[in-house]
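K.L.:
The structure is given below, and queries will be raised subsequently.
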Amino acid sequence: MMLDALIKIKNEQDPTLTFRRSCREGICGSCAMNIDGVNTLACLCYIESPDDKKSASSGKATKIYPLPHMYVIKDLVPDMGNFYEQYRSIQPWLQTENGKSEGQAEFLQSKQDRAKLDGMYECILCACCSTACPSYWWNADKYLGPAVLMQ
């Protein structure tokens, strides 16, 4: 995977190389970056073999950039502050109309209520979709982007 290659470069060639990583399984979204012009997770992006005849980019150097249209903190680390602030602005957490009653330890959820959440929590907030969206590029201060709208 591309993330493994970046870790190898950091460990063996350039210890100053900076990038985010955490789970290495496509769950956390922290290793999002632009690889060969596509926003993707480095932990899920395969390294193409030089003798792979099907690949158009075989034998070419892989180009890796931070997510586009975001301020760069260092190397492959974009400033996600605006993205997370926009997400926070819609209050994406579960909210009740009335609080807990006295002695209530937890909120119970019916199967029907749980089914309403399907499709709403799968976004891992990697910002790949938002940073690939032209409307988000030009109006990041007003347009919340696809990741936030999915919530």
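Each chain in the structure tokens gets a letter, A, B, ..., in the order shown, and its residues are numbered from 1; ligands are numbered from 1 in order too.
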As a PDB file with N, CA and C atoms, in the first residue's frame, please: the residues near Cys126 in chain A (cut-off 7 Å, only C-alpha atoms, same-chain neighbours under 3 positions excluded).

P.N.:
```
ATOM      1  N   GLY A  29      -9.590   7.633   8.174  1.00  0.00           N
ATOM      2  CA  GLY A  29      -9.537   8.723   7.201  1.00  0.00           C
ATOM      3  C   GLY A  29      -8.383   9.677   7.364  1.00  0.00           C
ATOM      4  N   SER A  30      -7.494   9.431   8.304  1.00  0.00           N
ATOM      5  CA  SER A  30      -6.423  10.396   8.566  1.00  0.00           C
ATOM      6  C   SER A  30      -5.355  10.442   7.479  1.00  0.00           C
ATOM      7  N   ALA A  32      -5.704  10.605   4.275  1.00  0.00           N
ATOM      8  CA  ALA A  32      -6.232  11.104   3.005  1.00  0.00           C
ATOM      9  C   ALA A  32      -5.220  12.025   2.342  1.00  0.00           C
TER      10      ALA A  32
END
```

K.L.:
Excluding Arg88 in chain A and its own-chain neighbours fewer than 4 positions away, which residues fall within 12 Å of it when counting only C-alpha atoms? Please give them as a ChimeraX atom specification.

P.N.:
/A:81-84,92-93,125,144,147-149,151

K.L.:
With N, CA, C and O atoms retained, export the selected residues as a short mmCIF file (atom, residue, chain, number, x, y, z; two decimals), in the first residue's frame.

P.N.:
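Saved to out_30.cif:
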```cif
data_model
loop_
_atom_site.label_atom_id
_atom_site.label_comp_id
_atom_site.auth_asym_id
_atom_site.auth_seq_id
_atom_site.Cartn_x
_atom_site.Cartn_y
_atom_site.Cartn_z
N GLY A 81 -8.95 22.26 9.87
CA GLY A 81 -9.73 23.06 10.80
C GLY A 81 -11.05 23.56 10.24
O GLY A 81 -12.10 23.41 10.88
N ASN A 82 -11.04 24.15 9.05
CA ASN A 82 -12.27 24.67 8.45
C ASN A 82 -13.25 23.54 8.15
O ASN A 82 -14.45 23.65 8.40
N PHE A 83 -12.74 22.43 7.66
CA PHE A 83 -13.58 21.27 7.35
C PHE A 83 -14.29 20.77 8.61
O PHE A 83 -15.50 20.55 8.61
N TYR A 84 -13.55 20.60 9.69
CA TYR A 84 -14.15 20.11 10.94
C TYR A 84 -15.07 21.15 11.57
O TYR A 84 -16.08 20.79 12.19
N PRO A 92 -23.83 17.26 14.24
CA PRO A 92 -24.13 15.95 13.66
C PRO A 92 -24.34 14.82 14.67
O PRO A 92 -24.37 13.66 14.30
N TRP A 93 -24.48 15.14 15.91
CA TRP A 93 -24.65 14.10 16.92
C TRP A 93 -26.14 13.89 17.19
O TRP A 93 -26.98 14.73 16.89
N LEU A 125 -15.08 11.09 7.42
CA LEU A 125 -14.58 12.46 7.50
C LEU A 125 -13.12 12.59 7.05
O LEU A 125 -12.32 13.25 7.69
N LEU A 144 -20.91 24.00 2.57
CA LEU A 144 -20.40 23.06 3.56
C LEU A 144 -19.75 21.83 2.95
O LEU A 144 -18.98 21.15 3.60
N ALA A 147 -19.36 16.06 2.31
CA ALA A 147 -19.23 15.28 3.54
C ALA A 147 -20.22 15.76 4.60
O ALA A 147 -20.86 14.97 5.28
N VAL A 148 -20.36 17.05 4.72
CA VAL A 148 -21.26 17.62 5.72
C VAL A 148 -22.71 17.44 5.28
O VAL A 148 -23.58 17.11 6.09
N LEU A 149 -22.97 17.61 3.98
CA LEU A 149 -24.34 17.48 3.49
C LEU A 149 -24.86 16.05 3.64
O LEU A 149 -26.07 15.84 3.76
N GLN A 151 -24.58 14.23 6.14
CA GLN A 151 -25.05 14.04 7.50
C GLN A 151 -26.46 14.57 7.63
O GLN A 151 -27.16 14.38 8.52
#
```

K.L.:
Any idea what's packed within 6 Å of Leu41 in chain A, counting only C-alpha atoms, ignoring anything in its chain fewer than 2 positions away? Could you give it as a VMD selection string?

P.N.:
chain A and resid 31 to 32 43 to 44

K.L.:
Using DSSP on the backbone coordinates, identify all residues within chain A classified as strand (DSSP E or B); present the result as a PyMOL selection string.

P.N.:
chain A and resi 32-35+38-41+64-65+72-74+77-78

K.L.:
Could you give me, as a tab-separated table, every range 45-144 of chain A residue with an atom at most 9 Å from range 11-27 of chain A, plus its closest atom pair and distance in Å to one decimal, counting only C-alpha atoms, rows ordered by chain then number?

P.N.:
```
residue	atom	partner	partner_atom	distance
A:Pro66	CA	A:Phe19	CA	8.7
A:Lys74	CA	A:Thr18	CA	6.5
A:Asp75	CA	A:Thr18	CA	5.5
A:Leu76	CA	A:Phe19	CA	4.9
A:Val77	CA	A:Phe19	CA	5.3
A:Pro78	CA	A:Phe19	CA	9.0
A:Ile124	CA	A:Ile27	CA	6.6
```

K.L.:
In Å, rounded to a single decimal, give me how far CA of Cys129 in chain A is from CA of Met2 in chain A.

P.N.:
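So the two atoms, CA of Met2 in chain A and CA of Cys129 in chain A, lie 19.3 Å apart.
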
K.L.:
With only C-alpha atoms as the atoms that count, which of A:Ser130, A:Gln104, A:Gln109, A:Gln86 lies nearest to Lys142 in chain A?

P.N.:
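That would be A:Gln86, the residue with the smallest distance to Lys142 in chain A.
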
K.L.:
Fewer than 5 positions away in the same chain doesn't count, so skip those; otherwise give me all residues within 10 Å of Cys133 in chain A, counting only C-alpha atoms, as a PDB file with C-alpha atoms, in the first residue's frame.

P.N.:
```
ATOM      1  CA  PRO A  68      -6.118  20.023  -2.764  1.00  0.00           C
ATOM      2  CA  HIS A  69      -7.568  23.439  -1.957  1.00  0.00           C
ATOM      3  CA  CYS A 128     -11.617  13.384  -0.012  1.00  0.00           C
ATOM      4  CA  TRP A 138     -14.528  28.306  -4.574  1.00  0.00           C
ATOM      5  CA  ALA A 140     -15.427  26.870   1.241  1.00  0.00           C
ATOM      6  CA  GLY A 145     -19.421  20.401   1.054  1.00  0.00           C
ATOM      7  CA  PRO A 146     -20.537  16.848   0.310  1.00  0.00           C
TER       8      PRO A 146
END
```

K.L.:
Counting only C-alpha atoms, what is within 12 Å of Tyr46 in chain A, bar same-chain residues fewer than 4 positions away, as a list in words?

P.N.:
Met1, Met2, Leu3, Asp4, Ala5, Ile35, Asp36, Thr40, Leu41, Ala42, Ser55 and Thr62 of chain A

K.L.:
Take the residues from that selection and write them out as a PDB file, in the first residue's frame, keeping N, CA, C and O atoms.

P.N.:
```pdb
ATOM      1  N   MET A   1       0.833  -1.185   0.000  1.00  0.00           N
ATOM      2  CA  MET A   1       0.000   0.000   0.000  1.00  0.00           C
ATOM      3  C   MET A   1       0.883   1.255   0.000  1.00  0.00           C
ATOM      4  O   MET A   1       2.017   1.215   0.461  1.00  0.00           O
ATOM      5  N   MET A   2       0.316   2.328  -0.485  1.00  0.00           N
ATOM      6  CA  MET A   2       1.079   3.573  -0.582  1.00  0.00           C
ATOM      7  C   MET A   2       1.514   4.070   0.799  1.00  0.00           C
ATOM      8  O   MET A   2       2.607   4.619   0.944  1.00  0.00           O
ATOM      9  N   LEU A   3       0.680   3.880   1.801  1.00  0.00           N
ATOM     10  CA  LEU A   3       1.049   4.312   3.150  1.00  0.00           C
ATOM     11  C   LEU A   3       2.298   3.580   3.636  1.00  0.00           C
ATOM     12  O   LEU A   3       3.166   4.182   4.267  1.00  0.00           O
ATOM     13  N   ASP A   4       2.397   2.310   3.322  1.00  0.00           N
ATOM     14  CA  ASP A   4       3.591   1.549   3.707  1.00  0.00           C
ATOM     15  C   ASP A   4       4.839   2.123   3.047  1.00  0.00           C
ATOM     16  O   ASP A   4       5.900   2.197   3.671  1.00  0.00           O
ATOM     17  N   ALA A   5       4.711   2.533   1.790  1.00  0.00           N
ATOM     18  CA  ALA A   5       5.849   3.139   1.086  1.00  0.00           C
ATOM     19  C   ALA A   5       6.239   4.462   1.741  1.00  0.00           C
ATOM     20  O   ALA A   5       7.435   4.755   1.903  1.00  0.00           O
ATOM     21  N   ILE A  35      -3.169  11.197  -4.632  1.00  0.00           N
ATOM     22  CA  ILE A  35      -2.166  10.304  -5.207  1.00  0.00           C
ATOM     23  C   ILE A  35      -2.465  10.151  -6.694  1.00  0.00           C
ATOM     24  O   ILE A  35      -3.548   9.692  -7.072  1.00  0.00           O
ATOM     25  N   ASP A  36      -1.523  10.571  -7.509  1.00  0.00           N
ATOM     26  CA  ASP A  36      -1.674  10.545  -8.971  1.00  0.00           C
ATOM     27  C   ASP A  36      -2.965  11.229  -9.421  1.00  0.00           C
ATOM     28  O   ASP A  36      -3.685  10.737 -10.289  1.00  0.00           O
ATOM     29  N   THR A  40      -7.591  10.089  -2.237  1.00  0.00           N
ATOM     30  CA  THR A  40      -7.788   8.724  -1.754  1.00  0.00           C
ATOM     31  C   THR A  40      -7.125   8.557  -0.395  1.00  0.00           C
ATOM     32  O   THR A  40      -6.454   9.463   0.089  1.00  0.00           O
ATOM     33  N   LEU A  41      -7.323   7.413   0.197  1.00  0.00           N
ATOM     34  CA  LEU A  41      -6.652   7.076   1.451  1.00  0.00           C
ATOM     35  C   LEU A  41      -5.382   6.302   1.103  1.00  0.00           C
ATOM     36  O   LEU A  41      -5.439   5.297   0.386  1.00  0.00           O
ATOM     37  N   ALA A  42      -4.254   6.741   1.606  1.00  0.00           N
ATOM     38  CA  ALA A  42      -2.977   6.101   1.296  1.00  0.00           C
ATOM     39  C   ALA A  42      -2.939   4.657   1.782  1.00  0.00           C
ATOM     40  O   ALA A  42      -2.272   3.818   1.183  1.00  0.00           O
ATOM     41  N   SER A  55      -1.906  -0.994 -16.470  1.00  0.00           N
ATOM     42  CA  SER A  55      -1.838   0.345 -15.886  1.00  0.00           C
ATOM     43  C   SER A  55      -1.265   1.355 -16.864  1.00  0.00           C
ATOM     44  O   SER A  55      -0.238   1.129 -17.491  1.00  0.00           O
ATOM     45  N   THR A  62       5.143   7.981  -9.117  1.00  0.00           N
ATOM     46  CA  THR A  62       3.865   8.296  -8.484  1.00  0.00           C
ATOM     47  C   THR A  62       3.953   9.697  -7.894  1.00  0.00           C
ATOM     48  O   THR A  62       4.919  10.027  -7.217  1.00  0.00           O
TER      49      THR A  62
END
```

K.L.:
From range 24-88 of chain A, collect each residue whose DSSP state is alpha helix (DSSP H) and return the set as a ChimeraX atom specification.

P.N.:
/A:81-88

K.L.:
Selection from above, all heavy atoms, as a tab-separated table (two decimals), in the first residue's frame, can you write it?

P.N.:
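Generated file (part19.tsv):
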```
chain	number	residue	atom	x	y	z
A	81	GLY	N	-8.95	22.26	9.87
A	81	GLY	CA	-9.73	23.06	10.80
A	81	GLY	C	-11.05	23.56	10.24
A	81	GLY	O	-12.10	23.41	10.88
A	82	ASN	N	-11.04	24.15	9.05
A	82	ASN	CA	-12.27	24.67	8.45
A	82	ASN	C	-13.25	23.54	8.15
A	82	ASN	O	-14.45	23.65	8.40
A	82	ASN	CB	-11.96	25.45	7.17
A	82	ASN	CG	-13.18	26.11	6.58
A	82	ASN	OD1	-13.89	26.84	7.28
A	82	ASN	ND2	-13.43	25.86	5.32
A	83	PHE	N	-12.74	22.43	7.66
A	83	PHE	CA	-13.58	21.27	7.35
A	83	PHE	C	-14.29	20.77	8.61
A	83	PHE	O	-15.50	20.55	8.61
A	83	PHE	CB	-12.72	20.16	6.74
A	83	PHE	CG	-13.45	18.89	6.47
A	83	PHE	CD1	-14.26	18.75	5.36
A	83	PHE	CD2	-13.31	17.80	7.33
A	83	PHE	CE1	-14.94	17.56	5.12
A	83	PHE	CE2	-13.97	16.61	7.09
A	83	PHE	CZ	-14.79	16.50	5.98
A	84	TYR	N	-13.55	20.60	9.69
A	84	TYR	CA	-14.15	20.11	10.94
A	84	TYR	C	-15.07	21.15	11.57
A	84	TYR	O	-16.08	20.79	12.19
A	84	TYR	CB	-13.08	19.68	11.94
A	84	TYR	CG	-12.34	18.43	11.52
A	84	TYR	CD1	-10.97	18.35	11.61
A	84	TYR	CD2	-13.03	17.32	11.04
A	84	TYR	CE1	-10.29	17.20	11.24
A	84	TYR	CE2	-12.36	16.17	10.66
A	84	TYR	CZ	-10.99	16.11	10.77
A	84	TYR	OH	-10.33	14.98	10.40
A	85	GLU	N	-14.76	22.41	11.42
A	85	GLU	CA	-15.63	23.46	11.96
A	85	GLU	C	-16.97	23.46	11.24
A	85	GLU	O	-18.03	23.63	11.85
A	85	GLU	CB	-14.95	24.83	11.86
A	85	GLU	CG	-15.68	25.93	12.58
A	85	GLU	CD	-15.89	25.64	14.06
A	85	GLU	OE1	-14.96	25.14	14.72
A	85	GLU	OE2	-17.00	25.92	14.57
A	86	GLN	N	-16.94	23.29	9.93
A	86	GLN	CA	-18.19	23.21	9.16
A	86	GLN	C	-19.00	21.99	9.60
A	86	GLN	O	-20.22	22.07	9.73
A	86	GLN	CB	-17.89	23.14	7.67
A	86	GLN	CG	-17.38	24.44	7.11
A	86	GLN	CD	-16.98	24.32	5.67
A	86	GLN	OE1	-16.49	23.29	5.23
A	86	GLN	NE2	-17.19	25.39	4.92
A	87	TYR	N	-18.34	20.88	9.81
A	87	TYR	CA	-19.02	19.67	10.26
A	87	TYR	C	-19.65	19.90	11.63
A	87	TYR	O	-20.81	19.56	11.86
A	87	TYR	CB	-18.02	18.51	10.31
A	87	TYR	CG	-18.65	17.18	10.65
A	87	TYR	CD1	-19.49	16.53	9.76
A	87	TYR	CD2	-18.38	16.58	11.87
A	87	TYR	CE1	-20.05	15.31	10.06
A	87	TYR	CE2	-18.94	15.35	12.18
A	87	TYR	CZ	-19.78	14.72	11.28
A	87	TYR	OH	-20.33	13.52	11.60
A	88	ARG	N	-18.92	20.52	12.52
A	88	ARG	CA	-19.42	20.81	13.87
A	88	ARG	C	-20.62	21.76	13.81
A	88	ARG	O	-21.53	21.67	14.64
A	88	ARG	CB	-18.30	21.42	14.71
A	88	ARG	CG	-18.54	21.42	16.19
A	88	ARG	CD	-17.33	21.93	16.98
A	88	ARG	NE	-16.15	21.11	16.75
A	88	ARG	CZ	-15.02	21.53	16.15
A	88	ARG	NH1	-14.91	22.76	15.73
A	88	ARG	NH2	-14.00	20.71	15.99
```

K.L.:
Compare A:Ile64, A:Ser89, A:Ala132, A:Leu94 by their minimum atom-to-atom distance to Arg114 in chain A, counting only C-alpha atoms, and give me the closest one.

P.N.:
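Smallest separation from Arg114 in chain A among the options: A:Leu94.
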
K.L.:
Quick one: pull the distance between CA of Val38 in chain A and CA of Tyr136 in chain A, Å, one decimal.

P.N.:
16.2 Å

K.L.:
Which is closer to Asp79 in chain A than all the others in A:Leu108, A:Ala127, A:Ile7, A:Ala115, using only C-alpha atoms?

P.N.:
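So, comparing all the options, the nearest one is A:Ala127.
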